[in-house]
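A.B. asks: Attaching a single structure in structure tokens format; questions to follow.
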Amino acid sequence: AQKITQTQPGMFVQEKEAVTLDCTYDTSDPSYGLFWYKQPSSGEMIFLIYQGSYDQQNATEGRYSLNFQKARKSANLVISASQLGDSAMYFCAMRDPGYSSASKIIFGSGTRLSIRP
Amino acid sequence: NAGVTQTPKFRVLKTGQSMTLLCAQDMNHEYMYWYRQDPGMGLRLIHYSVGEGTTAKGEVPDGYNVSRLKKQNFLLGLESAAPSQTSVYFCASTREGSPLNYGYTFGSGTRLTVV
């Protein structure tokens with residue numbers, strides 16, 4: 001069965017520092033997609049970054065990058081130069097392909113990131 | 001604006017009452033999903049639908065029913081609410097056959113409290 005594990009329930013980071021949020025996953029499917037979502041206190045789910053299982057390079061989106069280590073089944077989110085507005089809950093998620101799976105996305109339990117001024 | 005609309009946004013129910021949460025999308029998406037979010041547990045899939053007239057159980061379906069009579073609407077019903085169903089409920093949708101990097105479009109959530 002597919003599984004996403006986030007082992008950091010909460011993290012505190014000083015403003016302007018870089019932060020790494022850990023995510024490991026488990027799947028037997030060779031084709032899959034990995035996502036990170038941000039959920040601020042307002043509650044909406046905001047897409048941050050995507051990594052495909054066949055992508056050769058790590059994904060980057062502005063201050064966000066995904067450290068993809070396929071052999072270790074790891075997909076850590078790196079936020080450079082953290083800002084106060086980065087304080088939020090962060091979810092790692094995985095989507096599997098195929099009609100039979102209905103393209104379901106499974107989510108990790110989340111990491112609450114708090115940025116200190 | 002195109003997207004996923006959930007109603008209501010907030011609701012307080014008494015134990016044993018029933019209610020229906022409505023999810024509507026205007027993107028012509030085939031696939032729709034209902035998740036619940038609880039502290040420390042992330043989002044867990046309740047039910048999903050791959051098209052009009054079809055529904056299937058997810059990870060935590062007990063106590064819920066769903067219907068997809070129209071392609072754009074996905075209803076989540078609680079027949080007899082219990083305090084354990086206090087949660088934030090998210091609806092999401094996506095295209096059939098979309099590439100893996102095409103994620104979900106989420107609604108803004110419904111905060112339900114059962115007392």
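Residues are named by chain letter and number: chains run A, B, ... in the order of the structure tokens, numbers start at 1 in each chain, and ligands are numbered from 1 in the order shown.
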Residues of chain A were defined as contacting chain B if any atom lay at most 6 Å from it, counting only C-alpha atoms; please report them as JSON, numbers by chain.
C.D. replies: {"A": [33, 44, 107, 108, 109, 110]}
A.B. asks: Skipping near chain neighbours, those fewer than 2 positions away, what residues fall within 12 Å of A:Gln69 using only C-alpha atoms, listed as a count of residues only?
C.D. replies: 23
A.B. asks: Atom CA of A:Lys70 and atom CA of A:Ser114, how far apart in Å?
C.D. replies: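 Interatomic distance, atom CA of A:Ser114 to atom CA of A:Lys70: 28.2 Å.
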A.B. asks: Separation of atom CA of A:Ile115 and atom CA of A:Ser42, in Å?
C.D. replies: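 Going from atom CA of A:Ile115 over to atom CA of A:Ser42 covers 16.6 Å.
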A.B. asks: Counting only C-alpha atoms, what is within 7 Å of stretch 8-17 of chain A, bar same-chain residues fewer than 2 positions away, as number ranges by chain?
C.D. replies: A: 6, 19, 80-84, 110-117
A.B. asks: What separation in Å, quoted to one decimal, exists between atom CA of B:Ala92 and atom CA of B:Leu78?
C.D. replies: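 Computing the Euclidean distance for atom CA of B:Ala92 and atom CA of B:Leu78 yields 18.4 Å.
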